[in-house]
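J.: As input, take start-v5.pdb (PDB, C-alpha atoms (C1' of nucleotides)):
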ATOM      1  CA  MET W   1      37.615   5.018 -45.302
ATOM      2  CA  ALA W   2      33.868   4.965 -45.853
ATOM      3  CA  LEU W   3      31.783   2.846 -43.514
ATOM      4  CA  ASP W   4      28.570   1.373 -44.845
ATOM      5  CA  ALA W   5      25.648   0.095 -42.823
ATOM      6  CA  LEU W   6      27.149  -3.374 -42.583
ATOM      7  CA  ASP W   7      30.447  -2.053 -41.234
ATOM      8  CA  ARG W   8      28.594  -0.052 -38.640
ATOM      9  CA  ARG W   9      26.630  -3.097 -37.540
ATOM     10  CA  LEU W  10      29.840  -5.040 -37.222
ATOM     11  CA  LEU W  11      31.497  -2.325 -35.163
ATOM     12  CA  GLU W  12      28.396  -1.984 -33.027
ATOM     13  CA  GLN W  13      28.578  -5.689 -32.249
ATOM     14  CA  LEU W  14      32.305  -5.780 -31.668
ATOM     15  CA  GLN W  15      32.286  -2.780 -29.390
ATOM     16  CA  HIS W  16      30.023  -4.697 -27.049
ATOM     17  CA  ASP W  17      31.363  -8.193 -27.481
ATOM     18  CA  ALA W  18      34.520  -9.015 -29.338
ATOM     19  CA  SER W  19      34.719 -12.526 -27.939
ATOM     20  CA  GLN W  20      32.051 -13.973 -30.197
ATOM     21  CA  THR W  21      33.234 -16.192 -33.024
ATOM     22  CA  ASN W  22      33.350 -14.927 -36.556
ATOM     23  CA  GLN W  23      30.479 -17.258 -37.365
ATOM     24  CA  ALA W  24      28.264 -15.823 -34.668
ATOM     25  CA  LEU W  25      29.185 -12.317 -35.719
ATOM     26  CA  ALA W  26      28.425 -13.105 -39.346
ATOM     27  CA  HIS W  27      25.056 -14.471 -38.384
ATOM     28  CA  ALA W  28      24.297 -11.461 -36.184
ATOM     29  CA  VAL W  29      24.817  -8.996 -39.011
ATOM     30  CA  GLY W  30      23.495 -11.230 -41.783
ATOM     31  CA  LEU W  31      26.641 -12.089 -43.662
ATOM     32  CA  SER W  32      28.498 -15.252 -44.551
ATOM     33  CA  PRO W  33      31.490 -15.984 -42.307
ATOM     34  CA  SER W  34      33.986 -15.292 -45.049
ATOM     35  CA  ALA W  35      32.509 -11.957 -46.053
ATOM     36  CA  CYS W  36      32.289 -11.019 -42.399
ATOM     37  CA  LEU W  37      35.893 -11.939 -41.772
ATOM     38  CA  LYS W  38      37.044  -9.905 -44.750
ATOM     39  CA  ARG W  39      35.253  -6.834 -43.485
ATOM     40  CA  VAL W  40      36.584  -7.141 -39.964
ATOM     41  CA  LYS W  41      40.072  -7.614 -41.352
ATOM     42  CA  ARG W  42      39.641  -4.543 -43.515
ATOM     43  CA  LEU W  43      38.462  -2.513 -40.520
ATOM     44  CA  LYS W  44      41.553  -3.558 -38.603
ATOM     45  CA  GLU W  45      43.912  -2.787 -41.459
ATOM     46  CA  ALA W  46      42.276   0.577 -42.026
ATOM     47  CA  GLY W  47      42.905   1.380 -38.376
ATOM     48  CA  VAL W  48      39.251   1.822 -37.518
ATOM     49  CA  ILE W  49      39.600  -1.020 -35.038
ATOM     50  CA  VAL W  50      42.647  -0.046 -33.023
ATOM     51  CA  GLN W  51      42.774  -2.683 -30.340
ATOM     52  CA  GLN W  52      40.967  -5.620 -28.828
ATOM     53  CA  VAL W  53      41.075  -5.868 -25.066
ATOM     54  CA  VAL W  54      39.432  -7.429 -22.037
ATOM     55  CA  LEU W  55      37.910  -5.212 -19.363
ATOM     56  CA  LEU W  56      38.338  -6.329 -15.760
ATOM     57  CA  ASP W  57      36.100  -5.883 -12.758
ATOM     58  CA  PRO W  58      37.844  -3.388 -10.455
ATOM     59  CA  GLN W  59      36.060  -4.952  -7.487
ATOM     60  CA  LYS W  60      37.737  -8.294  -8.139
ATOM     61  CA  LEU W  61      41.215  -6.825  -8.148
ATOM     62  CA  ALA W  62      43.336  -5.154  -5.545
ATOM     63  CA  PRO W  63      41.582  -1.901  -4.663
ATOM     64  CA  SER W  64      42.716   1.252  -6.422
ATOM     65  CA  LEU W  65      41.876   4.937  -6.411
ATOM     66  CA  HIS W  66      40.731   7.033  -9.321
ATOM     67  CA  MET W  67      41.521  10.721  -9.326
ATOM     68  CA  VAL W  68      40.119  13.380 -11.582
ATOM     69  CA  VAL W  69      42.882  15.972 -11.863
ATOM     70  CA  GLU W  70      42.211  19.427 -13.270
ATOM     71  CA  ILE W  71      45.271  21.298 -14.386
ATOM     72  CA  ILE W  72      45.760  24.988 -15.045
ATOM     73  CA  MET W  73      48.835  25.998 -16.967
ATOM     74  CA  ALA W  74      50.768  29.190 -16.360
ATOM     75  CA  ARG W  75      51.121  30.088 -20.013
ATOM     76  CA  ASP W  76      49.054  28.965 -22.996
ATOM     77  CA  HIS W  77      51.940  28.068 -25.200
ATOM     78  CA  ARG W  78      51.814  25.307 -27.751
ATOM     79  CA  ALA W  79      55.278  23.871 -27.220
ATOM     80  CA  LEU W  80      54.864  23.870 -23.445
ATOM     81  CA  TYR W  81      51.512  22.134 -23.782
ATOM     82  CA  GLN W  82      53.030  19.591 -26.097
ATOM     83  CA  ARG W  83      55.804  18.866 -23.669
ATOM     84  CA  PHE W  84      53.325  18.364 -20.871
ATOM     85  CA  VAL W  85      51.173  16.046 -22.957
ATOM     86  CA  GLU W  86      54.135  13.907 -23.871
ATOM     87  CA  ARG W  87      55.274  13.777 -20.277
ATOM     88  CA  VAL W  88      51.872  12.808 -19.019
ATOM     89  CA  MET W  89      51.108  10.250 -21.732
ATOM     90  CA  GLN W  90      54.030   8.078 -20.790
ATOM     91  CA  GLU W  91      52.960   7.772 -17.170
ATOM     92  CA  ASP W  92      51.178   4.505 -16.483
ATOM     93  CA  GLU W  93      49.002   6.020 -13.786
ATOM     94  CA  VAL W  94      47.446   8.404 -16.296
ATOM     95  CA  LYS W  95      44.626   6.498 -17.935
ATOM     96  CA  GLN W  96      43.029   9.420 -19.748
ATOM     97  CA  CYS W  97      44.077  12.915 -20.718
ATOM     98  CA  TYR W  98      41.687  15.545 -22.062
ATOM     99  CA  GLN W  99      42.777  18.945 -23.297
ATOM    100  CA  VAL W 100      39.892  21.240 -22.475
ATOM    101  CA  THR W 101      38.795  24.836 -22.967
ATOM    102  CA  GLY W 102      37.919  27.315 -20.223
ATOM    103  CA  GLU W 103      39.639  28.034 -16.938
ATOM    104  CA  VAL W 104      41.071  24.564 -16.807
ATOM    105  CA  ASP W 105      43.563  23.382 -19.416
ATOM    106  CA  PHE W 106      43.827  19.637 -18.856
ATOM    107  CA  VAL W 107      41.754  16.978 -17.169
ATOM    108  CA  LEU W 108      43.479  13.742 -16.275
ATOM    109  CA  ILE W 109      42.012  10.505 -15.029
ATOM    110  CA  VAL W 110      44.702   8.986 -12.841
ATOM    111  CA  GLU W 111      44.582   5.561 -11.233
ATOM    112  CA  VAL W 112      46.808   4.712  -8.289
ATOM    113  CA  VAL W 113      47.039   1.969  -5.705
ATOM    114  CA  SER W 114      47.100   4.297  -2.724
ATOM    115  CA  MET W 115      47.200   7.866  -1.542
ATOM    116  CA  GLU W 116      50.956   7.564  -1.138
ATOM    117  CA  ALA W 117      51.264   6.481  -4.729
ATOM    118  CA  TYR W 118      49.276   9.549  -5.724
ATOM    119  CA  ASP W 119      51.574  11.786  -3.713
ATOM    120  CA  ASP W 120      54.507  10.259  -5.532
ATOM    121  CA  PHE W 121      52.785  10.831  -8.836
ATOM    122  CA  CYS W 122      52.161  14.496  -8.027
ATOM    123  CA  ASP W 123      55.746  15.012  -6.942
ATOM    124  CA  ARG W 124      57.129  13.284  -9.975
ATOM    125  CA  VAL W 125      54.849  14.588 -12.706
ATOM    126  CA  LEU W 126      52.951  17.654 -11.576
ATOM    127  CA  TYR W 127      55.063  19.637  -9.126
ATOM    128  CA  THR W 128      58.091  19.340 -11.367
ATOM    129  CA  ASP W 129      56.477  20.896 -14.449
ATOM    130  CA  ASP W 130      57.439  24.553 -14.515
ATOM    131  CA  ASN W 131      54.542  25.593 -16.739
ATOM    132  CA  LEU W 132      51.979  24.087 -14.373
ATOM    133  CA  GLN W 133      50.342  26.836 -12.367
ATOM    134  CA  LYS W 134      47.760  25.029 -10.292
ATOM    135  CA  PHE W 135      45.942  21.758 -10.074
ATOM    136  CA  ARG W 136      42.947  20.397  -8.239
ATOM    137  CA  THR W 137      42.303  16.770  -7.385
ATOM    138  CA  LEU W 138      38.847  15.262  -7.188
ATOM    139  CA  ILE W 139      39.073  11.918  -5.443
ATOM    140  CA  SER W 140      36.687   9.339  -6.831
ATOM    141  CA  ARG W 141      34.746   7.433  -4.220
ATOM    142  CA  GLN W 142      33.183   5.261  -6.843
ATOM    143  CA  ARG W 143      33.218   4.760 -10.577
ATOM    144  CA  ASN W 144      29.563   4.253 -11.397
ATOM    145  CA  LYS W 145      29.916   3.852 -15.107
ATOM    146  CA  PHE W 146      32.681   3.092 -17.561
ATOM    147  CA  VAL W 147      31.921   2.132 -21.138
ATOM    148  CA  THR W 148      34.222   2.214 -24.109
ATOM    149  CA  HIS W 149      31.851   2.100 -27.041
ATOM    150  CA  ARG W 150      31.231   5.046 -29.330
ATOM    151  CA  ALA W 151      28.195   5.977 -31.334
ATOM    152  CA  LEU W 152      28.699   5.464 -35.066
ATOM    153  CA  SER W 153      27.054   8.601 -36.454
TER     154      SER W 153
ATOM    155  CA  MET B   1      39.095 -15.340  -6.010
ATOM    156  CA  ALA B   2      42.842 -15.389  -5.541
ATOM    157  CA  LEU B   3      44.979 -14.513  -8.509
ATOM    158  CA  ASP B   4      48.391 -16.107  -8.776
ATOM    159  CA  ALA B   5      51.319 -14.905 -10.851
ATOM    160  CA  LEU B   6      50.134 -16.865 -13.884
ATOM    161  CA  ASP B   7      46.669 -15.305 -13.747
ATOM    162  CA  ARG B   8      48.194 -11.876 -13.541
ATOM    163  CA  ARG B   9      50.387 -12.528 -16.543
ATOM    164  CA  LEU B  10      47.362 -13.707 -18.486
ATOM    165  CA  LEU B  11      45.346 -10.634 -17.542
ATOM    166  CA  GLU B  12      48.287  -8.389 -18.339
ATOM    167  CA  GLN B  13      48.423  -9.878 -21.813
ATOM    168  CA  LEU B  14      44.689  -9.838 -22.414
ATOM    169  CA  GLN B  15      44.299  -6.261 -21.275
ATOM    170  CA  HIS B  16      46.625  -5.216 -24.049
ATOM    171  CA  ASP B  17      45.661  -7.691 -26.723
ATOM    172  CA  ALA B  18      42.685  -9.981 -26.485
ATOM    173  CA  SER B  19      42.781 -10.873 -30.163
ATOM    174  CA  GLN B  20      45.661 -13.289 -29.898
ATOM    175  CA  THR B  21      44.846 -16.982 -30.145
ATOM    176  CA  ASN B  22      44.810 -19.181 -27.102
ATOM    177  CA  GLN B  23      47.943 -20.865 -28.404
ATOM    178  CA  ALA B  24      49.847 -17.607 -28.682
ATOM    179  CA  LEU B  25      48.644 -16.578 -25.254
ATOM    180  CA  ALA B  26      49.664 -19.928 -23.779
ATOM    181  CA  HIS B  27      53.102 -19.572 -25.277
ATOM    182  CA  ALA B  28      53.431 -15.985 -24.053
ATOM    183  CA  VAL B  29      52.850 -16.953 -20.439
ATOM    184  CA  GLY B  30      54.524 -20.344 -20.603
ATOM    185  CA  LEU B  31      51.589 -22.705 -20.340
ATOM    186  CA  SER B  32      50.138 -25.431 -22.483
ATOM    187  CA  PRO B  33      47.141 -24.310 -24.559
ATOM    188  CA  SER B  34      44.688 -26.381 -22.557
ATOM    189  CA  ALA B  35      45.885 -25.151 -19.177
ATOM    190  CA  CYS B  36      45.820 -21.620 -20.510
ATOM    191  CA  LEU B  37      42.290 -22.021 -21.787
ATOM    192  CA  LYS B  38      41.114 -23.374 -18.457
ATOM    193  CA  ARG B  39      42.524 -20.394 -16.613
ATOM    194  CA  VAL B  40      41.022 -17.829 -18.969
ATOM    195  CA  LYS B  41      37.680 -19.581 -18.718
ATOM    196  CA  ARG B  42      37.932 -19.542 -14.951
ATOM    197  CA  LEU B  43      38.737 -15.821 -14.957
ATOM    198  CA  LYS B  44      35.660 -15.177 -17.063
ATOM    199  CA  GLU B  45      33.407 -17.294 -14.905
ATOM    200  CA  ALA B  46      34.729 -15.670 -11.753
ATOM    201  CA  GLY B  47      33.811 -12.292 -13.239
ATOM    202  CA  VAL B  48      37.354 -10.967 -13.187
ATOM    203  CA  ILE B  49      37.154 -10.601 -16.964
ATOM    204  CA  VAL B  50      33.923  -8.699 -17.488
ATOM    205  CA  GLN B  51      33.918  -8.023 -21.168
ATOM    206  CA  GLN B  52      35.930  -8.264 -24.347
ATOM    207  CA  VAL B  53      35.656  -5.345 -26.717
ATOM    208  CA  VAL B  54      37.290  -3.594 -29.642
ATOM    209  CA  LEU B  55      38.432  -0.003 -29.308
ATOM    210  CA  LEU B  56      37.929   2.268 -32.303
ATOM    211  CA  ASP B  57      39.960   5.199 -33.553
ATOM    212  CA  PRO B  58      37.851   8.330 -32.944
ATOM    213  CA  GLN B  59      39.642  10.041 -35.827
ATOM    214  CA  LYS B  60      38.363   7.433 -38.262
ATOM    215  CA  LEU B  61      34.743   7.917 -37.254
ATOM    216  CA  ALA B  62      32.318  10.764 -37.530
ATOM    217  CA  PRO B  63      33.666  13.534 -35.282
ATOM    218  CA  SER B  64      32.307  13.788 -31.772
ATOM    219  CA  LEU B  65      32.760  15.966 -28.728
ATOM    220  CA  HIS B  66      33.844  14.894 -25.281
ATOM    221  CA  MET B  67      32.699  16.914 -22.309
ATOM    222  CA  VAL B  68      33.937  16.726 -18.764
ATOM    223  CA  VAL B  69      30.953  17.687 -16.628
ATOM    224  CA  GLU B  70      31.334  18.580 -12.963
ATOM    225  CA  ILE B  71      28.168  18.416 -10.958
ATOM    226  CA  ILE B  72      27.358  19.913  -7.587
ATOM    227  CA  MET B  73      24.292  18.621  -5.815
ATOM    228  CA  ALA B  74      22.020  20.737  -3.660
ATOM    229  CA  ARG B  75      21.783  18.227  -0.844
ATOM    230  CA  ASP B  76      24.086  15.350   0.067
ATOM    231  CA  HIS B  77      21.414  12.743   0.444
ATOM    232  CA  ARG B  78      21.939   9.108  -0.348
ATOM    233  CA  ALA B  79      18.614   8.382  -1.993
ATOM    234  CA  LEU B  80      18.829  11.494  -4.146
ATOM    235  CA  TYR B  81      22.353  10.577  -5.200
ATOM    236  CA  GLN B  82      21.217   7.089  -6.030
ATOM    237  CA  ARG B  83      18.401   8.385  -8.169
ATOM    238  CA  PHE B  84      20.778  10.636 -10.054
ATOM    239  CA  VAL B  85      23.263   7.832 -10.629
ATOM    240  CA  GLU B  86      20.580   5.580 -12.001
ATOM    241  CA  ARG B  87      19.276   8.310 -14.258
ATOM    242  CA  VAL B  88      22.687   9.139 -15.578
ATOM    243  CA  MET B  89      23.849   5.565 -16.068
ATOM    244  CA  GLN B  90      21.141   4.771 -18.525
ATOM    245  CA  GLU B  91      22.036   7.661 -20.799
ATOM    246  CA  ASP B  92      24.101   6.548 -23.771
ATOM    247  CA  GLU B  93      25.967   9.841 -23.982
ATOM    248  CA  VAL B  94      27.390   9.302 -20.500
ATOM    249  CA  LYS B  95      30.478   7.168 -20.976
ATOM    250  CA  GLN B  96      31.857   7.519 -17.468
ATOM    251  CA  CYS B  97      30.529   8.601 -14.108
ATOM    252  CA  TYR B  98      32.711   9.236 -11.055
ATOM    253  CA  GLN B  99      31.356  10.046  -7.628
ATOM    254  CA  VAL B 100      33.958  12.308  -6.071
ATOM    255  CA  THR B 101      34.699  14.049  -2.805
ATOM    256  CA  GLY B 102      35.174  17.777  -2.317
ATOM    257  CA  GLU B 103      33.247  20.715  -3.689
ATOM    258  CA  VAL B 104      32.154  18.707  -6.684
ATOM    259  CA  ASP B 105      29.928  15.652  -6.276
ATOM    260  CA  PHE B 106      30.005  13.960  -9.669
ATOM    261  CA  VAL B 107      32.242  14.048 -12.694
ATOM    262  CA  LEU B 108      30.804  12.767 -15.944
ATOM    263  CA  ILE B 109      32.537  12.094 -19.226
ATOM    264  CA  VAL B 110      29.894  12.741 -21.854
ATOM    265  CA  GLU B 111      30.265  12.116 -25.570
ATOM    266  CA  VAL B 112      27.984  13.808 -28.081
ATOM    267  CA  VAL B 113      27.901  14.342 -31.815
ATOM    268  CA  SER B 114      27.456  18.106 -31.622
ATOM    269  CA  MET B 115      26.940  21.079 -29.385
ATOM    270  CA  GLU B 116      23.203  20.863 -30.064
ATOM    271  CA  ALA B 117      23.202  17.275 -28.919
ATOM    272  CA  TYR B 118      24.908  18.404 -25.737
ATOM    273  CA  ASP B 119      22.304  21.093 -25.174
ATOM    274  CA  ASP B 120      19.633  18.445 -25.547
ATOM    275  CA  PHE B 121      21.455  16.239 -23.082
ATOM    276  CA  CYS B 122      21.676  19.040 -20.518
ATOM    277  CA  ASP B 123      17.998  19.869 -20.908
ATOM    278  CA  ARG B 124      16.960  16.263 -20.662
ATOM    279  CA  VAL B 125      19.236  15.014 -17.906
ATOM    280  CA  LEU B 126      20.764  17.860 -15.937
ATOM    281  CA  TYR B 127      18.326  20.779 -15.841
ATOM    282  CA  THR B 128      15.465  18.458 -14.960
ATOM    283  CA  ASP B 129      17.080  17.002 -11.841
ATOM    284  CA  ASP B 130      15.767  18.919  -8.854
ATOM    285  CA  ASN B 131      18.653  18.011  -6.586
ATOM    286  CA  LEU B 132      21.222  19.323  -9.041
ATOM    287  CA  GLN B 133      22.463  22.692  -7.862
ATOM    288  CA  LYS B 134      25.106  23.628 -10.373
ATOM    289  CA  PHE B 135      27.243  22.127 -13.099
ATOM    290  CA  ARG B 136      30.254  23.178 -15.096
ATOM    291  CA  THR B 137      31.214  21.867 -18.515
ATOM    292  CA  LEU B 138      34.801  21.513 -19.675
ATOM    293  CA  ILE B 139      34.823  21.019 -23.427
ATOM    294  CA  SER B 140      37.514  18.668 -24.607
ATOM    295  CA  ARG B 141      39.486  19.910 -27.567
ATOM    296  CA  GLN B 142      41.391  16.697 -27.732
ATOM    297  CA  ARG B 143      41.609  13.346 -26.007
ATOM    298  CA  ASN B 144      45.330  12.741 -25.761
ATOM    299  CA  LYS B 145      45.205   9.446 -23.984
ATOM    300  CA  PHE B 146      42.678   6.738 -23.327
ATOM    301  CA  VAL B 147      43.722   3.353 -22.024
ATOM    302  CA  THR B 148      41.599   0.716 -20.347
ATOM    303  CA  HIS B 149      44.122  -1.502 -18.629
ATOM    304  CA  ARG B 150      44.570  -1.627 -14.883
ATOM    305  CA  ALA B 151      47.608  -2.422 -12.835
ATOM    306  CA  LEU B 152      47.360  -5.817 -11.117
ATOM    307  CA  SER B 153      48.876  -4.978  -7.746
TER     308      SER B 153
ATOM    309  C1'  DC I   1      29.313 -12.048 -51.648
ATOM    310  C1'  DG I   2      28.688 -17.174 -51.042
ATOM    311  C1'  DT I   3      30.438 -22.106 -51.116
ATOM    312  C1'  DG I   4      33.286 -25.669 -49.718
ATOM    313  C1'  DA I   5      37.624 -27.723 -48.383
ATOM    314  C1'  DA I   6      42.176 -27.342 -46.185
ATOM    315  C1'  DA I   7      44.588 -25.347 -42.308
ATOM    316  C1'  DT I   8      44.242 -23.918 -37.510
ATOM    317  C1'  DA I   9      42.441 -23.402 -33.212
ATOM    318  C1'  DT I  10      39.494 -24.706 -29.425
ATOM    319  C1'  DG I  11      37.721 -27.798 -26.101
ATOM    320  C1'  DT I  12      37.692 -32.266 -23.605
ATOM    321  C1'  DA I  13      39.177 -36.519 -21.637
ATOM    322  C1'  DT I  14      42.830 -38.779 -19.598
ATOM    323  C1'  DC I  15      47.084 -39.318 -17.489
ATOM    324  C1'  DG I  16      50.983 -37.814 -14.752
ATOM    325  C1'  DT I  17      53.160 -34.876 -11.208
TER     326       DT I  17
ATOM    327  C1'  DA E   1      44.840 -29.352  -7.558
ATOM    328  C1'  DC E   2      47.106 -28.236 -11.701
ATOM    329  C1'  DG E   3      49.492 -28.910 -15.938
ATOM    330  C1'  DA E   4      50.644 -31.787 -20.256
ATOM    331  C1'  DT E   5      49.483 -34.746 -24.062
ATOM    332  C1'  DA E   6      46.512 -36.329 -27.556
ATOM    333  C1'  DC E   7      42.392 -36.543 -29.844
ATOM    334  C1'  DA E   8      37.657 -34.923 -31.366
ATOM    335  C1'  DT E   9      35.152 -30.943 -32.566
ATOM    336  C1'  DA E  10      34.673 -26.292 -34.221
ATOM    337  C1'  DT E  11      36.341 -22.302 -36.476
ATOM    338  C1'  DT E  12      39.076 -19.656 -39.517
ATOM    339  C1'  DT E  13      40.789 -18.805 -43.920
ATOM    340  C1'  DC E  14      41.405 -19.053 -48.812
ATOM    341  C1'  DA E  15      40.706 -20.279 -53.746
ATOM    342  C1'  DC E  16      37.087 -20.314 -56.786
ATOM    343  C1'  DG E  17      32.456 -19.524 -58.796
TER     344       DG E  17
END
Take the structure in the file and give it back as structure tokens.

T.:
Amino acid sequence: MALDALDRRLLEQLQHDASQTNQALAHAVGLSPSACLKRVKRLKEAGVIVQQVVLLDPQKLAPSLHMVVEIIMARDHRALYQRFVERVMQEDEVKQCYQVTGEVDFVLIVEVVSMEAYDDFCDRVLYTDDNLQKFRTLISRQRNKFVTHRALS
Amino acid sequence: MALDALDRRLLEQLQHDASQTNQALAHAVGLSPSACLKRVKRLKEAGVIVQQVVLLDPQKLAPSLHMVVEIIMARDHRALYQRFVERVMQEDEVKQCYQVTGEVDFVLIVEVVSMEAYDDFCDRVLYTDDNLQKFRTLISRQRNKFVTHRALS
DNA sequence: CGTGAAATATGTATCGT
DNA sequence: ACGATACATATTTCACG
């Protein structure tokens, strides 16, 4: 699906604030409400807009720990990788999973309520995978930045 | 601010789908629309809900590269760290910044449109910082998972 | 893409528990 | 203090130009 300048302006807006009314959005990009609504609807149907969510302030919730986990696989085999990815994706603690090049094979961002919970996670997900050779955990003291928006070319 | 079971159910819902109408939300958690609206408003005012955004499908947009960047500082000094954090936070390419413990000091998730753009970023942000000792870049071939929701204790 | 009117939802005041 | 009901206001949504 081709995105024109108007679509990009809409997405730019919505990536920063999706709570504004359709009217406000229309005004912000210089469209009539109906035309604006049609475009947003089209972007949703086309799958460009995947989801609309609220982001919460971690400080206002029960404290949690973020871990950056680097994983080195024993063998670079497609099916084994695939199995690992599927395993990892269904775990709630895993918030992000990157497949990377170099010495490391995967980087996970894992969020847990406590060190014990992380131990459990490692036992359950990491130590049991027989293609996992080694992993290293970087414990996050602080998440200084977290934004979800993407540049639109 | 204390969150009761009803607040948690609301946040649970909104973290997965913030596009639903207040009526639908009210019904989902078993409240009247007005009571539901009051609670959501309160959660926003209290700063528990920080932002409402749309998430886009990376596949549907112009391709981009994610980098996981591990940074080791020369000296563990608070003011120098602070300066680096502030520098890094204002860069659009930096989507996430974690301050971690261990050999590595910072982990960044950086998103760029091309390898050249990443070179530029390194020149501009990393190579110019005089407290930065060393960094390692893990190039993401694929982002297998990315979710924003948090567990609510 | 814009206009305008019907359908829906939001927001507020008031009452009841 | 919190939720429900009902009503006024605002927004969404659709047919048509």

J.: Taking all atoms listed in the file into account, which of W:Cys36, W:Val54, W:Ala24, W:Met1 comes nearest DT13 in chain E?

T.: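 For DT13 in chain E, the nearest of the candidates is W:Cys36.
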
J.: Would you kindly return, as a list in words, each protein, DNA or RNA residue with an atom no farther than 10 Å from any atom of DA8 in chain E, considering all atoms listed in the file and excluding same-chain residues fewer than 3 positions away?

T.: DG11, DT12 and DA13 of chain I

J.: Here's the selection I'm unsure about, the PyMOL selection byres ((chain B) within 8 of (chain I)); applied to the file above, which residues does it give, as a list of chain:residue names?

T.: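 Selected by the PyMOL selection byres ((chain B) within 8 of (chain I)) in this file: B:Thr21, B:Asn22, B:Gln23, B:Ser34.
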
J.: Hey, what's within 8 Å of Ile109 in chain B if we count all atoms listed in the file and toss same-chain stuff fewer than 5 positions away? As a list in words, please?

T.: His66, Met67, Val68, Val69, Val94, Lys95, Gln96 and Cys97 of chain B

J.: Show me, as number ranges by chain, the residues of chain W whose atoms get within 7 Å of chain B, using all atoms listed in the file for the distance check.

T.: W: 14-19, 47-57, 60-62, 89, 95-102, 138-148, 152-153

J.: In Å, rounded to a single decimal, give me how far CA of Glu45 in chain B is from CA of Ala26 in chain W.

T.: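 So the two atoms, CA of Ala26 in chain W and CA of Glu45 in chain B, lie 25.3 Å apart.
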
J.: Taking only C-alpha atoms (C1' of nucleotides) into account and nothing else, which residues of chain B lie no more than 8 Å away from chain E? Please answer as a VMD selection string.

T.: chain B and resid 31 to 32 35

J.: Could you state the separation of CA of Met115 in chain B and CA of Tyr127 in chain B in Å, given to one decimal place?

T.: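 Result for CA of Met115 in chain B versus CA of Tyr127 in chain B: 16.1 Å, one decimal.
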
J.: If I take CA of Arg136 in chain B and CA of Leu80 in chain W, how far is one from the other in Å, to one decimal?

T.: 26.0 Å

J.: Report as JSON the centre and the edge lengths, in Å to one decimal, of the axis-aligned box holding every listed atom of range 3-16 of chain E, padded by 8 Å on each side.

T.:
{"center_x": 42.7, "center_y": -27.7, "center_z": -36.4, "size_x": 32.0, "size_y": 33.7, "size_z": 56.8}
